[in-house]
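Structure file upload.cif (mmCIF, C-alpha atoms, pLDDT in the B column; chains and numbers go by the auth columns) is printed below.
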```
data_data
#
loop_
_atom_site.group_PDB
_atom_site.id
_atom_site.type_symbol
_atom_site.label_atom_id
_atom_site.label_comp_id
_atom_site.label_asym_id
_atom_site.label_seq_id
_atom_site.Cartn_x
_atom_site.Cartn_y
_atom_site.Cartn_z
_atom_site.B_iso_or_equiv
_atom_site.auth_seq_id
_atom_site.auth_asym_id
ATOM 1 C CA MET A 1 28.326 98.274 149.851 58.00 97 I
ATOM 2 C CA LYS A 2 27.165 96.121 146.955 74.00 98 I
ATOM 3 C CA GLY A 3 25.235 98.028 144.335 79.00 99 I
ATOM 4 C CA MET A 4 26.410 101.439 145.538 87.00 100 I
ATOM 5 C CA ILE A 5 27.488 102.607 142.092 90.00 101 I
ATOM 6 C CA PHE A 6 24.029 101.815 140.706 89.00 102 I
ATOM 7 C CA ALA A 7 22.442 103.922 143.457 89.00 103 I
ATOM 8 C CA ARG A 8 24.910 106.793 142.942 91.00 104 I
ATOM 9 C CA CYS A 9 24.296 106.762 139.172 92.00 105 I
ATOM 10 C CA ARG A 10 20.539 106.901 139.846 90.00 106 I
ATOM 11 C CA GLU A 11 21.034 109.849 142.244 91.00 107 I
ATOM 12 C CA LYS A 12 22.997 111.726 139.562 91.00 108 I
ATOM 13 C CA GLY A 13 20.363 111.045 136.899 92.00 109 I
ATOM 14 C CA LEU A 14 22.594 108.489 135.184 88.00 110 I
ATOM 15 C CA GLY A 15 20.288 105.617 136.082 73.00 111 I
ATOM 16 C CA GLY A 16 18.165 103.453 133.925 82.00 112 I
ATOM 17 C CA LEU A 17 20.743 100.692 134.125 89.00 113 I
ATOM 18 C CA PRO A 18 19.263 97.274 133.448 88.00 114 I
ATOM 19 C CA GLU A 19 19.694 94.527 136.000 83.00 115 I
ATOM 20 C CA PRO A 20 22.604 92.156 135.394 84.00 116 I
ATOM 21 C CA PRO A 21 21.976 88.456 134.754 81.00 117 I
ATOM 22 C CA LEU A 22 21.374 86.592 137.984 81.00 118 I
ATOM 23 C CA GLY A 23 24.691 86.091 139.782 82.00 119 I
ATOM 24 C CA ALA A 24 26.811 87.727 137.056 83.00 120 I
ATOM 25 C CA LEU A 25 28.335 90.424 139.235 84.00 121 I
ATOM 26 C CA THR A 26 29.326 87.898 141.878 83.00 122 I
ATOM 27 C CA GLU A 27 31.317 85.802 139.394 83.00 123 I
ATOM 28 C CA ARG A 28 35.028 85.929 140.116 83.00 124 I
ATOM 29 C CA GLY A 29 36.626 89.077 138.772 89.00 125 I
ATOM 30 C CA VAL A 30 33.573 90.634 137.104 91.00 126 I
ATOM 31 C CA ALA A 31 33.087 93.491 139.567 90.00 127 I
ATOM 32 C CA ASP A 32 36.850 94.110 139.644 92.00 128 I
ATOM 33 C CA GLU A 33 36.957 94.187 135.842 94.00 129 I
ATOM 34 C CA LEU A 34 34.100 96.697 135.655 95.00 130 I
ATOM 35 C CA ALA A 35 35.669 98.834 138.386 94.00 131 I
ATOM 36 C CA SER A 36 39.113 98.740 136.773 96.00 132 I
ATOM 37 C CA GLU A 37 37.814 99.712 133.353 96.00 133 I
ATOM 38 C CA THR A 38 35.713 102.485 134.882 97.00 134 I
ATOM 39 C CA VAL A 39 38.663 103.948 136.795 97.00 135 I
ATOM 40 C CA ALA A 40 40.990 103.666 133.776 97.00 136 I
ATOM 41 C CA LYS A 41 38.584 105.505 131.480 97.00 137 I
ATOM 42 C CA ALA A 42 37.713 108.024 134.169 96.00 138 I
ATOM 43 C CA LEU A 43 41.404 108.782 134.734 96.00 139 I
ATOM 44 C CA ARG A 44 41.982 109.510 131.050 96.00 140 I
ATOM 45 C CA HIS A 45 38.884 111.692 130.737 94.00 141 I
ATOM 46 C CA PHE A 46 39.562 113.379 134.059 94.00 142 I
ATOM 47 C CA ARG A 47 43.052 114.339 132.928 95.00 143 I
ATOM 48 C CA ASP A 48 42.043 115.378 129.394 95.00 144 I
ATOM 49 C CA ASP A 49 38.580 116.860 129.950 92.00 145 I
ATOM 50 C CA VAL A 50 38.853 118.259 133.483 90.00 146 I
ATOM 51 C CA LEU A 51 42.416 118.981 134.549 91.00 147 I
ATOM 52 C CA MET A 52 43.910 119.958 131.182 93.00 148 I
ATOM 53 C CA THR A 53 40.969 122.237 130.382 93.00 149 I
ATOM 54 C CA GLY A 54 40.905 123.877 133.804 89.00 150 I
ATOM 55 C CA ARG A 55 37.338 122.736 134.576 88.00 151 I
ATOM 56 C CA TRP A 56 38.265 121.852 138.141 87.00 152 I
ATOM 57 C CA ASP A 57 39.075 124.815 140.318 87.00 153 I
ATOM 58 C CA PRO A 58 39.906 124.162 143.988 85.00 154 I
ATOM 59 C CA THR A 59 38.548 127.573 144.952 89.00 155 I
ATOM 60 C CA ARG A 60 35.046 126.706 143.730 89.00 156 I
ATOM 61 C CA GLY A 61 34.226 124.246 146.518 86.00 157 I
ATOM 62 C CA ALA A 62 34.357 120.755 145.033 86.00 158 I
ATOM 63 C CA SER A 63 37.353 118.666 145.989 91.00 159 I
ATOM 64 C CA ILE A 64 39.425 116.918 143.352 92.00 160 I
ATOM 65 C CA LYS A 65 38.169 113.628 144.841 93.00 161 I
ATOM 66 C CA THR A 66 34.545 114.688 144.295 90.00 162 I
ATOM 67 C CA PHE A 67 35.286 115.633 140.702 90.00 163 I
ATOM 68 C CA PHE A 68 37.035 112.322 140.033 94.00 164 I
ATOM 69 C CA ILE A 69 34.250 110.255 141.593 94.00 165 I
ATOM 70 C CA GLY A 70 31.838 112.209 139.387 93.00 166 I
ATOM 71 C CA GLN A 71 33.901 111.240 136.354 94.00 167 I
ATOM 72 C CA CYS A 72 33.719 107.573 137.398 96.00 168 I
ATOM 73 C CA LEU A 73 29.946 107.853 137.688 95.00 169 I
ATOM 74 C CA ILE A 74 29.747 109.405 134.226 95.00 170 I
ATOM 75 C CA ARG A 75 31.853 106.600 132.694 96.00 171 I
ATOM 76 C CA PHE A 76 30.304 103.592 134.470 96.00 172 I
ATOM 77 C CA PRO A 77 26.907 103.361 132.711 96.00 173 I
ATOM 78 C CA ASN A 78 28.385 102.920 129.222 95.00 174 I
ATOM 79 C CA ILE A 79 31.012 100.470 130.454 96.00 175 I
ATOM 80 C CA TYR A 80 28.330 98.485 132.275 95.00 176 I
ATOM 81 C CA ARG A 81 25.930 98.506 129.306 93.00 177 I
ATOM 82 C CA SER A 82 28.701 97.316 126.989 93.00 178 I
ATOM 83 C CA TRP A 83 29.611 94.525 129.403 93.00 179 I
ATOM 84 C CA LEU A 84 25.956 93.554 129.790 92.00 180 I
ATOM 85 C CA THR A 85 25.440 93.439 126.013 89.00 181 I
ATOM 86 C CA ASN A 86 28.466 91.155 125.678 87.00 182 I
ATOM 87 C CA GLU A 87 27.219 88.954 128.535 81.00 183 I
ATOM 88 C CA VAL A 88 23.832 88.399 126.948 75.00 184 I
ATOM 89 C CA ARG A 89 25.113 88.246 123.364 74.00 185 I
ATOM 90 C CA GLY A 90 27.769 85.758 124.408 71.00 186 I
ATOM 91 C CA GLY A 91 25.115 83.487 125.854 67.00 187 I
ATOM 92 C CA ARG A 92 26.349 84.061 129.369 60.00 188 I
ATOM 93 C CA ASP A 93 22.918 84.943 130.732 49.00 189 I
ATOM 94 C CA LEU A 94 23.383 83.114 134.015 47.00 190 I
ATOM 95 C CA ALA A 95 19.664 82.802 134.637 47.00 191 I
ATOM 96 C CA ARG A 96 19.440 80.519 131.585 45.00 192 I
ATOM 97 C CA ARG A 97 22.474 78.326 132.229 42.00 193 I
ATOM 98 C CA PRO A 98 21.871 74.590 132.372 42.00 194 I
ATOM 99 C CA GLY A 99 21.068 73.459 135.866 40.00 195 I
ATOM 100 C CA ARG A 100 19.447 76.757 136.835 39.00 196 I
ATOM 101 C CA SER A 101 15.801 77.546 136.755 39.00 197 I
ATOM 102 C CA PRO A 102 14.760 80.469 134.556 38.00 198 I
#
```
Structure re-expressed in structure tokens:
Amino acid sequence: MKGMIFARCREKGLGGLPEPPLGALTERGVADELASETVAKALRHFRDDVLMTGRWDPTRGASIKTFFIGQCLIRFPNIYRSWLTNEVRGGRDLARRPGRSP
């Protein structure tokens, strides 16, 4: 299921995400870190912006799971872009590492 969040963001009109440096998302812990940060921010916003304001209503058809996944999709692009900026700015562009061809 690699890349699923990118596809789901595109489906929801949240696409336009640049490609990561070659091999960056397969480095140990990177995908977990992005997923953890996404879920943590989504939880806070889901509680504050959805549940506390009464935006989610179980009688209107969407499950609470659907609403939460939507919140994760909303949060992921900015988290990913921030990570990507730090990757490139920090010189961690894997495609340009010594021993790799550009």
Please tabulate, as a tab-separated table, the residues of range 120-192 of chain I that come within 12 Å of range 99-107 of chain I, each with its closest pair of atoms and the distance in Å to one decimal, counting all atoms listed in the file and ordering rows by chain, then residue number upward.
```
residue	atom	partner	partner_atom	distance
I:Leu121	CA	I:Gly99	CA	9.7
I:Thr122	CA	I:Gly99	CA	11.2
I:Ala127	CA	I:Gly99	CA	10.2
I:Leu130	CA	I:Ile101	CA	11.0
I:Ala131	CA	I:Ile101	CA	9.7
I:Thr134	CA	I:Ile101	CA	10.9
I:Ile165	CA	I:Arg104	CA	10.1
I:Gly166	CA	I:Cys105	CA	9.3
I:Gln167	CA	I:Cys105	CA	11.0
I:Cys168	CA	I:Ile101	CA	9.2
I:Leu169	CA	I:Cys105	CA	5.9
I:Ile170	CA	I:Cys105	CA	7.8
I:Arg171	CA	I:Cys105	CA	10.0
I:Phe172	CA	I:Ile101	CA	8.2
I:Pro173	CA	I:Cys105	CA	7.8
I:Asn174	CA	I:Cys105	CA	11.4
I:Tyr176	CA	I:Phe102	CA	10.0
```
| field | Atomic distance CA of Asp145 in chain I - CA of Glu129 in chain I, expressed in Å with one decimal | value | 23.5 Å
| d(CA of Gly119 in chain I, CA of Ile175 in chain I) in Å |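 So the two atoms, CA of Gly119 in chain I and CA of Ile175 in chain I, lie 18.3 Å apart.
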| message | Applying 10 Å and all atoms listed in the file, which residues near Pro116 in chain I remain after dropping the ones on its own chain fewer than 2 positions away? List them as a ChimeraX atom specification. | response | /I:113-114,118-121,176-177,179-181,183-184,189-191
| What gap, in Å, lies between CA of Phe142 in chain I and CA of Thr162 in chain I? |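 These atoms are spaced 11.5 Å apart.
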| request: Name the residues in contact with Arg151 in chain I at a cut-off of 12 Å, using only C-alpha atoms, excluding same-chain residues fewer than 6 positions from it; report them as number ranges by chain. | output: I: 141-145, 158, 160, 163-164
Can you report as JSON the centre and edge lengths in Å, to one decimal, of an axis-aligned box around the listed atoms of range 174-182 of chain I padded with 3 Å on each side?
```
{"center_x": 28.2, "center_y": 97.0, "center_z": 129.0, "size_x": 11.6, "size_y": 17.8, "size_z": 12.6}
```
